[in-house]
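Student: The structure under discussion is supplied below as structure tokens; questions concerning it will follow.
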Amino acid sequence: MIVAIPLLPLFASIIVGLFSRRMGAALALFITCLFMIIASILAISLFLSVALRGFETTITLAPWFTVGNLSIAWAMQVDTLSSVMMAIVCVVSTLVHIYSAGYMQDDASLPRFMAYLSLFTFFMLALVSANNLLQMFFGWEGVGLASYLLIGYWHHKDSAARAGVKAFLVNRIGDFGFVLGICATYKMFGSLNFSEIFAMVPDVLGEELVIFNWRFEAITAISLLLFVGAMGKSAQLGLHVWLPDAMEGPTPVSALIHAATMVTAGVFMLCRMSGLFEYSETALATITLFGAATAFFAASVAITQNDLKRVIAYSTCSQLGYMVLAVGLSAYSAAMFHLTTHAFFKALLFLAAGSLIHALSGEQDMKRMGGLRSMMPLTYLLFWVGVLSLAGIPIFSGYYSKDIILESAWASHTIVGQVAFLLGNISVFLTAGYATRMIIMSFHWLPRFEEKLMERVHESPPAMSIPLLLLAIGAISSGFLLKDWFVGEGSGNFWRASIFVEDYHTALQDAHHSPRWVEVLPLFLSVLGIAAGFLCYQIFTSLPARLARILRPIHQFLLEKWYFDKLYNLLFLRSAFSLARALWHGVDEKTIDALGPDGISTVARRLGERLRIMQSGYVYHYVFAILIGVVVFGAFAIAQRL
Amino acid sequence: MDNWPLLSTIIFLPLLGAGLLTLIRGRENDIALAAKSTALWVALSNFALTLGLWYSFDRQQEGFQFVESKSWIASSGISYSVGVDGLSLFFVVLASFLTVLCILASWRSITKRVRDFMAAFLVLESLSIGAFLALDTILFYLFFEGVLLPMFYIIGIWGGERRIYAAFKFFLYTFLGSVLMLLSIISLTWIGGTTYIPELMNTDFSIGLQRVLWLGFFVSFAVKTPMWPFHTWLPDAHVEAPTAGSVMLAGLLLKMGGYGFLRFCLPILPDASQFYAPLVFSLSAIAVVYASLVALVQEDIKKLIAYSSVAHMGFVTAGLFANNATALSGAVMQMISHGLVSAALFLCVGVLYDRAKTREIKAFRAIVQPMPAYARLMLVFTLASIGLPGTSGFIGEILTLLGVFQASPATAFALALGMILGAGYMLHLYRRVFFGPPAAMPDKLYDLQTRENFVLISLVLPVVWIGLYPAPLLNIITPDILPIIATAGH
Amino acid sequence: MPFAILNEFSPFELTEGVIFSIFATIIIACALGVITVRNPVYAVLLLVIAFFSSAALFVMQGAEFLGLLLVIVYVGAIAVLFLFVVMMLDIRFVARAKLQRKHLQLALLVAGLLLFELLAVVIIDQPRERADNKLTTSASQVTASQATANQVSANQVSSSQVAASQVAASKKMIAKPTVGLVKDILAKKIREEELAREEAAKGLLDNTTELGLLVYSEYLVIFEIAGLLLLLAMLGAIVLTHRKRDDVLRQNISTQHTRDEKARLVDIEPRSGV
Amino acid sequence: MPSLLSSLLPVSLAHYLFLSTSLFVIGLIGLFLNRRHVIVILMSVELLFLAASMNFIAFSAALGDLSGQVFALFILATAAAEVTIGLAILVVYYRNRASIAIHDISDLKG
């Protein structure tokens with residue numbers, strides 16, 4: 001029955017995928033949504049049984065392969081961590097499935113889209129429920145494939161196709177680290193199953209790993225390699241370039257994959273491997289720094305973006321920074337808590353934006369929106385719910401999960417923790433700022449889109465608004481409801497063995513009784529941010545333009561997304577292509593071929609020509625040759641006799 | 001029934017078939033049709049035989065099975081002896097499977113001299129199966145060299161514009177390499193006293209001698225695999241060869257190089273293999289990164305896939321010399337998966353070439369509109385070539401990586417880098433050919449016919465099956481790898 | 001007394017030396033002439049003179065059969081052949097192509113070297129040669145005198161032997177039943193041969209018979225091949241130069257013998273008419 | 001003068017060898033230096049044959065062994081055969097090419 005959870009979406013995707021030609025959109029929708037609803041019901045009941053009755057098990061479906069001492073099996077490890085993730089994935093995925101019935105109904109190949117969505121859900125569930133690194137990697141790349149297919153769904157749009165490839169490649173760079181991490185684990189631990197790895201960690205502590213004859217402390221090396229994998233998947237600073245471009249895909253895709261589930265896979269992996277990360281201080285420090293830096297970077301860039309979905313994408317990137325930051329501080333449960341709440345309010349924001357774009361039949365640029373407050377009241381209201389929980393206003397879920405992370409940053413009393421606390425708070429202010437800017441620019445002011453679109457603007461159909469409502473409820477309630485389970489006193493027996501925290505990493509426990517001002521500061525900053533947002537965009541609308549002119553270099557720097565794209569293009573793409581051409585023509589043709597086959601053949605031909613002249617056809621030349629022969633032979637004979 | 005020489009029938013049945021073809025008389029297209037159908041029937045029956053061999057191959061028995069050995073040139077102790085073990089079984093099955101597919105794939109695309117084409121393929125099949133089954137060094141060399149001839153004709157006669165150049169380059173390149181191998185084989189038989197491989201396996205030679213002999217073998221197999229500096233014949237041979245020719249070239253001939261390492265260098269000259277392992281590692285690392293980079297900028301699809309083969313075989317050679325069970329079985333799996341995947345990719349290019357008569361990437365855009373089924377199948381093979389989990393490519397690559405990392409992490413880094421670049425050029429190719437705004441494509445880009453569909457789907461099934469459940473293959477391969485590790489270990 | 005040394009040699013040697021030098025100079029001169037003279041006819045004539053003088057030298061050395069043969073074959077046949085061909089092909093007097101200076105020097109150098117080498121062989125052997133030579137000449141005299149001396153005794157000896165061998169041969173003859181006439185002829189031949197060989201051993205026979213004996217016993221096969229060679233050459237020449245010339249009347253035996261269908265013997269009944 | 005005479009007078013094997021060698025060299029030079037026409041080549045070959053047979057005769061006389069003369073006989077035979085064929089070829093060549101000057105005959109070029 002537990003096994004049904006991942007297999008249901010797989011069957012749905014296979015059935016719809018194979019017969020997508022002959023199957024009507026309605027039938028495809030029905031099958032996928034039905035299967036997903038069943039799966040999510042199962043997932044929720046599993047979550048409740050795990051959370052309440054402490055149910056824990058590992059089911060082995062089938063052996064994958066055994067080579068020497070390495071034996072890997074298809075298995076499902078059900079514990080708190082995986083059941084939480086399975087629940088989130090199933091719920092959000094079902095809502096997105098239902099939502100896309102409305103959003104995509106005028107799309108020609110809807111069955112194909114639904115098949116890809118279910119395929120994605122299967123891979124995500126496989127990843128989450130893996131009990132060994134290889135099956136996790138199977139889910140990891142499967143999810144990457146699904147995101148490639150979904151981003152490039154509208155493949156007639158060249159930019160979408162390119163974005164798909166870019167997403168896959170950047171993920172692949174992350175997987176490069178992940179694979180090497182797996183290899184290193186196999187070398188050090190001789191096995192890839194989590195239980196065995198965590199059991200053997202103590203006696204592998206001192207070991208060294210020699211790469212390029214540099215000596216690394218094994219555990220740190222493995223953790224850093226795995227973190228590179230997580231960076232690729234969770235779009236941390238450096239490997240984040242694919243996330244904004246991923247907005248080329250349809251909005252439900254962005255909501256499901258690039259907000260709630262796939263991007264959080266990295267954070268999930270970090271929490272799952274907590275048993276390993278806890279033993280390497282340097283790794284944890286680097287993770288915290290990266291998380292804080294990503295949070296700040298993404299927030300700063302989001303302010304200047306004009307595309308609605310890109311703003312939300314950067315906000316996801318920033319929230320992911322927070323989660324990774326929490327992991328670095330070994331406050332894994334806080335990270336998971338924020339992951340859960342973020343899944344709800346970010347999916348809400350995306351789907352609301354989706355219904356906005358749907359209404360404006362595809363318009364994504366905020367500069368050409370506005371005045372929709374009266375036309376789409378429900379979406380406007382839900383948008384506010386999302387914005388407020390994103391900004392971290394008390395009732396809404398964002399407040400609880402983000403604050404606990406900032407408090408644990410303060411409570412860790414390490415330099416890295418302080419830096420994280422500082423950057424975290426600045427980004428809180430920035431987040432509140434761009435969130436309000438976003439809602440004002442898209443809903444307030446006067447409508448800036450063409451007249452003919454006016455009559456077509458309508459409140460989204462029920463198929464789209466119901467999921468929105470459900471998500472809104474989740475966004476609001478998940479905060480205070482799950483607070484004590486995830487991070488409260490009960491968290492100890494809630495997480496049980498799935499998350500391992502070294503006893504001297506007490507950041508999370510101390511966070512509860514951190515000084516008053518530390519708890520209040522984030523709230524104060526978010527309110528200040530919202531006020532600033534109103535100030536700049538509602539009242540003095542000319543202020544942002546003037547500010548932009550004064551701080552021209554900074555504005556330009558932020559607008560260009562810190563020039564990461566340009567840098568990568570120049571540094572990696574162009575150099576790779578020119579190196580490749582140089583290798584192809586230079587080495588392959590000019591050196592290897594010239595020296596090898598072609599070289600030898602030309603030399604042989606030239607030698608042949610020179611020899612040919614010897615056969616002149618004149619008798620006396622030949623006689624002369626004979627004479628010389630005789631003379632030489634004679635000389636030799638005489639020399640013998642002397 | 002048990003003393004029926006199964007292996008010899010598998011080797012010589014296609015040869016018999018080729019002979020049969022010459023007896024056909026009648027008008028031009030009658031001959032063509034008759035030739036094609038008889039060739040198909042012979043290939044199918046041979047494939048059935050190999051499946052029978054696989055079914056009756058029992059895993060518990062150590063060493064070679066179904067061994068037949070008759071004295072051939074008694075004076076110098078050379079015997080015709082053939083036998084199969086875990087390592088060579090799947091290459092034999094792969095050989096017969098690919099031949100069936102090649103005959104089906106070139107059903108309509110080959111028009112001139114169809115009978116000779118089919119005969120060449122049957123001969124190629126029997127020679128290559130012979131090479132995989134030979135247990136006698138001289139017999140192996142005979143088959144190893146013999147394979148060049150039919151391939152030379154296939155490229156030379158039915159190839160593209162520069163086919164003569166490509167055919168000669170292919171032939172001379174490989175021939176030069178294997179002449180050195182002949183020297184090593186002769187000195188091996190001279191010192192070892194016998195040409196029977198199993199005996200040679202447990203006679204140990206002096207270190208200095210091993211190192212010299214190893215070089216002879218290395219050059220020949222390096223040219224055949226192809227390893228980095230000796231690979232320039234492969235792109236030309238592939239670009240000029242007909243579709244079915246490239247399939248056999250990539251599916252079979254490349255495997256002989258790897259198989260050669262596995263049968264000769266590792267078990268018979270273990271200490272030399274250990275000694276030269278760093279050299280092979282660096283060459284394979286270069287091969288993977290170099291070939292992937294060069295594949296990035298290719299304009300001709302077939303050349304791109306040829307370079308990708310070089311990269312995949314770089315994985316194989318690295319795995320072979322990492323001297324642990326995971327790496328070796330990974331290398332064998334990589335060879336089998338590369339055989340299936342690159343064969344499929346070449347068949348796909350053949351499908352495009354039959355329709356648009358060109359292989360330039362620039363000529364195609366937004367193919368997904370006119371040919372959706374083809375696009376889907378091509379996607380599966382592209383992903384398999386990248387080594388996406390769930391496809392056979394992944395099994396080969398991950399096992400090789402796991403094994404190689406234990407021997408030399410640096411090489412594992414290069415191989416993993418190859419994985420990124422691999423995804424790079426394959427998806428770059430896929431996007432340029434299949435996606436993009438719909439352009440005025442030549443109208444004759446009709447979707448897959450039933451025959452092409454059947455061929456490609458019969459390749460998708462094994463690729464996905466091995467990806468999800470490789471245990472049956474690995475359980476046969478791994479037992480036969482342990483002795484090779486053991487000899488190297490002591 | 002310049003001529004003191006003369007009495008050192010016997011008159012026989014003196015004449016021999018003079019004759020040899022005369023002929024040697026003639027041969028060398030003619031040979032040089034053959035290769036240098038412009039008109040081919042002169043060349044052929046000079047060749048003939050050279051052959052004549054070398055034949056003379058052969059005779060001097062005791063190989064008179066060959067000397068005469070030389071005269072007949074070379075001079076008679078080959079030189080005539082040359083003349084015939086020269087006359088037939090109206091060979092124009094082509095100006096000798098200017099011989100580049102460089103070629104000439106190189107040629108002379110090589111020729112000189114060759115000459116030196118051949119002579120060196122001669123000179124190096126000379127000292128020993130001279131010694132044996134003296135020996136041989138004196139020896140030849142000695143043998144000559146002895147030959148005459150023991151000739152007389154040889155006769156008595158041989159006659160007794162001959163008788164004995166005849167008796168033995170005949171006894172042999174009687175023992176075997178007379179198979180047939182051929183056997184008798186063969187036996188007679190063998191006896192004669194044995195007789196001749198004994199005389200040759202005594203050095204009595206003249207050059208030709210000795211030569212004949214030798215050729216027809218040891219070198220028989222080679223002699224046959226030489227004959228064959230000549231036959232081959234003859235055939236070759238004919239085949240090469242033969243031309244079918246239709247302006248020449250020719251008899252075609254085969255067509256003459258074939259029956260001509262139209263001409264048939266027909267029986268006609270009387271008074272019925274054809 | 002006397003030593004020269006004494007070296008000259010008793011006609012020994014060396015003299016004949018000297019004679020035949022020089023004859024041989026002249027023949028070779030004839031072959032090599034001649035720029036006129038093919039007939040001279042054949043004649044020079046004749047000279048070579050003559051030199052060879054002279055050599056044989058000289059040795060047979062010196063050693064008193066008749067087989068030298070037998071071989072001289074055979075050389076005679078071959079010389080005759082060679083000349084017939086040479087002249088036949090010459091005639092045929094002339095018939096086709098109307099000229100037998102040396103510098104024309106170079107068709108068998110490499």
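Naming works like this for the structure tokens: A, B, ... for the chains as they're shown, residue 1 at the start of each chain, ligands 1 onward in shown order.
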List the neighbours of Asp307 (chain A) out to 12 Å using only C-alpha atoms; skip same-chain residues closer than 2 positions along the sequence, and give me the result as number ranges by chain.
Tutor: A: 244-245, 247-248, 301-305, 309-314, 353, 357, 362-369, 437-438, 441-442, 559
Student: I need the chosen residues saved as a compact mmCIF listing (two decimals), in the first residue's frame, with N, CA, C and O atoms.
Tutor:
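Dumped everything to again_31.txt:
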# COMPACT_ATOMS: atom_id res chain seq x y z
N PRO A 244 15.98 31.08 -12.93
CA PRO A 244 15.18 32.14 -13.58
C PRO A 244 14.79 31.73 -15.00
O PRO A 244 13.66 31.93 -15.42
N ASP A 245 15.72 31.10 -15.76
CA ASP A 245 15.36 30.72 -17.13
C ASP A 245 14.31 29.63 -17.13
O ASP A 245 13.59 29.44 -18.12
N MET A 247 11.68 29.63 -15.89
CA MET A 247 10.33 30.20 -15.91
C MET A 247 9.73 30.16 -17.32
O MET A 247 8.59 30.51 -17.54
N GLU A 248 10.57 29.73 -18.31
CA GLU A 248 10.04 29.60 -19.67
C GLU A 248 8.93 28.56 -19.72
O GLU A 248 8.08 28.56 -20.60
N VAL A 301 18.63 40.75 -6.18
CA VAL A 301 18.33 40.78 -7.63
C VAL A 301 16.83 40.91 -7.85
O VAL A 301 16.39 41.62 -8.76
N ALA A 302 16.03 40.24 -6.95
CA ALA A 302 14.58 40.20 -7.19
C ALA A 302 13.98 41.59 -7.26
O ALA A 302 13.03 41.85 -8.00
N ILE A 303 14.61 42.52 -6.54
CA ILE A 303 14.01 43.88 -6.48
C ILE A 303 13.95 44.50 -7.87
O ILE A 303 13.01 45.17 -8.25
N THR A 304 14.99 44.24 -8.67
CA THR A 304 15.05 45.00 -9.95
C THR A 304 14.32 44.27 -11.09
O THR A 304 14.19 44.80 -12.17
N GLN A 305 13.87 43.01 -10.86
CA GLN A 305 13.31 42.25 -12.00
C GLN A 305 11.92 42.76 -12.37
O GLN A 305 11.15 43.15 -11.49
N LYS A 309 7.16 36.22 -13.02
CA LYS A 309 7.59 34.87 -12.60
C LYS A 309 9.04 34.88 -12.18
O LYS A 309 9.44 34.15 -11.27
N ARG A 310 9.86 35.76 -12.81
CA ARG A 310 11.29 35.76 -12.42
C ARG A 310 11.45 36.28 -11.01
O ARG A 310 12.25 35.77 -10.23
N VAL A 311 10.60 37.25 -10.64
CA VAL A 311 10.69 37.77 -9.26
C VAL A 311 10.42 36.61 -8.29
O VAL A 311 11.19 36.35 -7.36
N ILE A 312 9.36 35.86 -8.59
CA ILE A 312 9.01 34.74 -7.68
C ILE A 312 10.13 33.71 -7.70
O ILE A 312 10.51 33.12 -6.68
N ALA A 313 10.72 33.52 -8.88
CA ALA A 313 11.80 32.52 -8.97
C ALA A 313 12.96 32.93 -8.07
O ALA A 313 13.48 32.13 -7.28
N TYR A 314 13.32 34.23 -8.15
CA TYR A 314 14.44 34.67 -7.31
C TYR A 314 14.07 34.59 -5.84
O TYR A 314 14.88 34.25 -4.97
N ALA A 353 -0.02 33.85 -9.60
CA ALA A 353 0.59 34.56 -10.75
C ALA A 353 0.12 33.88 -12.04
O ALA A 353 -0.18 34.53 -13.05
N ILE A 357 -1.53 35.52 -15.25
CA ILE A 357 -0.97 35.45 -16.61
C ILE A 357 -2.02 34.85 -17.53
O ILE A 357 -2.23 35.29 -18.67
N GLY A 362 -1.12 35.28 -21.23
CA GLY A 362 0.31 35.05 -21.47
C GLY A 362 1.20 36.24 -21.15
O GLY A 362 2.40 36.14 -21.26
N GLU A 363 0.66 37.33 -20.70
CA GLU A 363 1.50 38.50 -20.43
C GLU A 363 2.22 38.31 -19.09
O GLU A 363 1.59 38.08 -18.07
N GLN A 364 3.57 38.37 -19.07
CA GLN A 364 4.30 38.12 -17.82
C GLN A 364 5.00 39.37 -17.32
O GLN A 364 5.45 39.41 -16.18
N ASP A 365 5.06 40.43 -18.13
CA ASP A 365 5.83 41.61 -17.72
C ASP A 365 4.97 42.51 -16.82
O ASP A 365 3.87 42.93 -17.21
N MET A 366 5.48 42.75 -15.60
CA MET A 366 4.67 43.52 -14.63
C MET A 366 4.41 44.92 -15.14
O MET A 366 3.40 45.55 -14.80
N LYS A 367 5.34 45.44 -15.99
CA LYS A 367 5.13 46.84 -16.42
C LYS A 367 3.87 46.95 -17.28
O LYS A 367 3.30 48.01 -17.43
N ARG A 368 3.45 45.76 -17.84
CA ARG A 368 2.24 45.88 -18.70
C ARG A 368 1.04 45.25 -18.00
O ARG A 368 0.22 44.60 -18.60
N MET A 369 1.08 45.28 -16.64
CA MET A 369 -0.11 44.78 -15.90
C MET A 369 -0.70 45.96 -15.12
O MET A 369 -0.50 47.09 -15.50
N ARG A 437 6.40 45.26 -3.81
CA ARG A 437 6.55 45.87 -5.16
C ARG A 437 5.81 45.01 -6.17
O ARG A 437 5.07 45.51 -7.04
N MET A 438 5.96 43.71 -5.99
CA MET A 438 5.36 42.79 -6.98
C MET A 438 3.85 42.95 -6.98
O MET A 438 3.22 43.12 -8.03
N MET A 441 2.73 46.45 -8.32
CA MET A 441 2.89 46.69 -9.77
C MET A 441 1.89 45.87 -10.56
O MET A 441 1.38 46.31 -11.59
N SER A 442 1.58 44.67 -10.06
CA SER A 442 0.71 43.84 -10.91
C SER A 442 -0.77 44.14 -10.64
O SER A 442 -1.57 44.09 -11.58
N LEU A 559 20.39 44.54 -11.92
CA LEU A 559 19.52 44.21 -13.05
C LEU A 559 20.13 43.06 -13.87
O LEU A 559 19.45 42.17 -14.35
Student: If the cut-off is 6 Å, can you tell me the residues of chain A near chain B, counting only C-alpha atoms? I'd like them as a ChimeraX atom specification.
Tutor: /A:64-65,67-68,138,155-158,172,176,183,187,211-212,580,584
Student: Work out how far apart CA of Leu240 (chain C) and CA of Leu42 (chain D) are and give it in Å to one decimal.
Tutor: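 Distance reported for this atom pair: 17.3 Å.
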Student: As a list of chain:residue names, which residues of region 56-184 of chain B does DSSP assign to strand (DSSP E or B)?
Tutor: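 Listing strand (DSSP E or B) positions across region 56-184 of chain B yields B:Gln65, B:Phe66, B:Val67, B:Glu68, B:Ser69, B:Lys70, B:Ser71, B:Trp72, B:Ile73, B:Ile78, B:Ser79, B:Tyr80, B:Ser81, B:Val82, B:Gly83, B:Val84, B:Ala134, B:Asp136.
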Student: Write a file of the just-selected residues containing N, CA, C and O atoms, as a PDB file, in the first residue's frame.
Tutor:
ATOM      1  N   GLN B  65      32.824 -22.630 -21.155  1.00  0.00           N
ATOM      2  CA  GLN B  65      31.829 -23.698 -21.360  1.00  0.00           C
ATOM      3  C   GLN B  65      31.703 -23.975 -22.848  1.00  0.00           C
ATOM      4  O   GLN B  65      32.189 -23.184 -23.666  1.00  0.00           O
ATOM      5  N   PHE B  66      30.993 -25.065 -23.148  1.00  0.00           N
ATOM      6  CA  PHE B  66      30.795 -25.492 -24.548  1.00  0.00           C
ATOM      7  C   PHE B  66      32.112 -25.509 -25.305  1.00  0.00           C
ATOM      8  O   PHE B  66      32.212 -25.074 -26.442  1.00  0.00           O
ATOM      9  N   VAL B  67      33.188 -25.973 -24.662  1.00  0.00           N
ATOM     10  CA  VAL B  67      34.510 -25.864 -25.308  1.00  0.00           C
ATOM     11  C   VAL B  67      34.621 -26.956 -26.373  1.00  0.00           C
ATOM     12  O   VAL B  67      34.288 -28.106 -26.142  1.00  0.00           O
ATOM     13  N   GLU B  68      35.010 -26.532 -27.553  1.00  0.00           N
ATOM     14  CA  GLU B  68      35.301 -27.541 -28.613  1.00  0.00           C
ATOM     15  C   GLU B  68      36.729 -27.276 -29.053  1.00  0.00           C
ATOM     16  O   GLU B  68      37.099 -26.109 -29.226  1.00  0.00           O
ATOM     17  N   SER B  69      37.470 -28.357 -29.224  1.00  0.00           N
ATOM     18  CA  SER B  69      38.838 -28.080 -29.655  1.00  0.00           C
ATOM     19  C   SER B  69      39.322 -29.217 -30.534  1.00  0.00           C
ATOM     20  O   SER B  69      39.344 -30.374 -30.111  1.00  0.00           O
ATOM     21  N   LYS B  70      39.623 -28.859 -31.804  1.00  0.00           N
ATOM     22  CA  LYS B  70      40.147 -29.875 -32.727  1.00  0.00           C
ATOM     23  C   LYS B  70      41.492 -29.375 -33.193  1.00  0.00           C
ATOM     24  O   LYS B  70      41.681 -28.165 -33.396  1.00  0.00           O
ATOM     25  N   SER B  71      42.452 -30.257 -33.386  1.00  0.00           N
ATOM     26  CA  SER B  71      43.779 -29.764 -33.768  1.00  0.00           C
ATOM     27  C   SER B  71      43.718 -29.289 -35.200  1.00  0.00           C
ATOM     28  O   SER B  71      43.073 -29.911 -36.049  1.00  0.00           O
ATOM     29  N   TRP B  72      44.326 -28.202 -35.480  1.00  0.00           N
ATOM     30  CA  TRP B  72      44.179 -27.527 -36.791  1.00  0.00           C
ATOM     31  C   TRP B  72      45.520 -27.619 -37.498  1.00  0.00           C
ATOM     32  O   TRP B  72      45.687 -28.354 -38.462  1.00  0.00           O
ATOM     33  N   ILE B  73      46.540 -26.935 -36.975  1.00  0.00           N
ATOM     34  CA  ILE B  73      47.877 -27.117 -37.573  1.00  0.00           C
ATOM     35  C   ILE B  73      48.685 -27.876 -36.509  1.00  0.00           C
ATOM     36  O   ILE B  73      49.273 -27.286 -35.613  1.00  0.00           O
ATOM     37  N   ILE B  78      48.829 -25.571 -33.022  1.00  0.00           N
ATOM     38  CA  ILE B  78      47.702 -24.621 -33.094  1.00  0.00           C
ATOM     39  C   ILE B  78      46.424 -25.428 -33.249  1.00  0.00           C
ATOM     40  O   ILE B  78      46.361 -26.329 -34.084  1.00  0.00           O
ATOM     41  N   SER B  79      45.450 -25.117 -32.404  1.00  0.00           N
ATOM     42  CA  SER B  79      44.205 -25.921 -32.462  1.00  0.00           C
ATOM     43  C   SER B  79      43.046 -24.978 -32.698  1.00  0.00           C
ATOM     44  O   SER B  79      43.081 -23.816 -32.262  1.00  0.00           O
ATOM     45  N   TYR B  80      42.007 -25.489 -33.383  1.00  0.00           N
ATOM     46  CA  TYR B  80      40.765 -24.717 -33.534  1.00  0.00           C
ATOM     47  C   TYR B  80      39.972 -24.943 -32.253  1.00  0.00           C
ATOM     48  O   TYR B  80      39.379 -26.013 -32.072  1.00  0.00           O
ATOM     49  N   SER B  81      40.093 -24.017 -31.304  1.00  0.00           N
ATOM     50  CA  SER B  81      39.342 -24.285 -30.071  1.00  0.00           C
ATOM     51  C   SER B  81      38.505 -23.046 -29.747  1.00  0.00           C
ATOM     52  O   SER B  81      39.018 -21.930 -29.784  1.00  0.00           O
ATOM     53  N   VAL B  82      37.245 -23.315 -29.490  1.00  0.00           N
ATOM     54  CA  VAL B  82      36.330 -22.204 -29.167  1.00  0.00           C
ATOM     55  C   VAL B  82      35.638 -22.512 -27.844  1.00  0.00           C
ATOM     56  O   VAL B  82      35.472 -23.674 -27.477  1.00  0.00           O
ATOM     57  N   GLY B  83      35.287 -21.480 -27.146  1.00  0.00           N
ATOM     58  CA  GLY B  83      34.577 -21.682 -25.869  1.00  0.00           C
ATOM     59  C   GLY B  83      33.968 -20.358 -25.460  1.00  0.00           C
ATOM     60  O   GLY B  83      34.415 -19.303 -25.938  1.00  0.00           O
ATOM     61  N   VAL B  84      32.970 -20.429 -24.610  1.00  0.00           N
ATOM     62  CA  VAL B  84      32.298 -19.175 -24.218  1.00  0.00           C
ATOM     63  C   VAL B  84      32.347 -19.060 -22.707  1.00  0.00           C
ATOM     64  O   VAL B  84      32.378 -20.080 -21.993  1.00  0.00           O
ATOM     65  N   ALA B 134      36.888 -17.390 -29.892  1.00  0.00           N
ATOM     66  CA  ALA B 134      38.139 -18.136 -30.120  1.00  0.00           C
ATOM     67  C   ALA B 134      38.897 -18.290 -28.805  1.00  0.00           C
ATOM     68  O   ALA B 134      38.983 -17.351 -28.009  1.00  0.00           O
ATOM     69  N   ASP B 136      41.954 -19.800 -29.052  1.00  0.00           N
ATOM     70  CA  ASP B 136      43.321 -20.059 -29.510  1.00  0.00           C
ATOM     71  C   ASP B 136      43.846 -18.743 -30.080  1.00  0.00           C
ATOM     72  O   ASP B 136      43.177 -18.091 -30.873  1.00  0.00           O
TER      73      ASP B 136
END
Student: Taking the chain letters and numbering used in this document, name the residues of region 65-285 of chain B that DSSP puts in alpha helix (DSSP H), as a VMD selection string.
Tutor: chain B and resid 86 to 105 114 to 133 137 to 146 148 to 158 163 to 192 197 to 201 207 to 224 233 to 240 243 to 248 254 to 260 266 to 268 270 to 285
Student: Pick out the residues sitting within 9 Å of Ala331 (chain B), and hand them over as an MDAnalysis selection string; count only C-alpha atoms, and ignore anything fewer than 2 positions along from it in its own chain.
Tutor: chainID B and resid 258 313 315:320 326:329 333:336 396:397 399:400
Student: Enter the distance from CA of Leu8 (chain A) to CA of Gly266 (chain A), in Å, rounded to one decimal.
Tutor: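 These atoms are spaced 23.9 Å apart.
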Student: Provide the CA of Phe143 (chain B) to CA of Ser128 (chain B) distance in Å, to one decimal place.
Tutor: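 Taking CA of Phe143 (chain B) as the start and CA of Ser128 (chain B) as the end point, the length is 6.6 Å.
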Student: Considering only C-alpha atoms, return as an NGL selection string whatever protein or nucleic-acid residues lie within 8 Å of Phe24 (chain D), sequence-local ones (same chain, fewer than 2 positions apart) excluded.
Tutor: :D and (20-22 or 26-28 or 47-48 or 51-52)
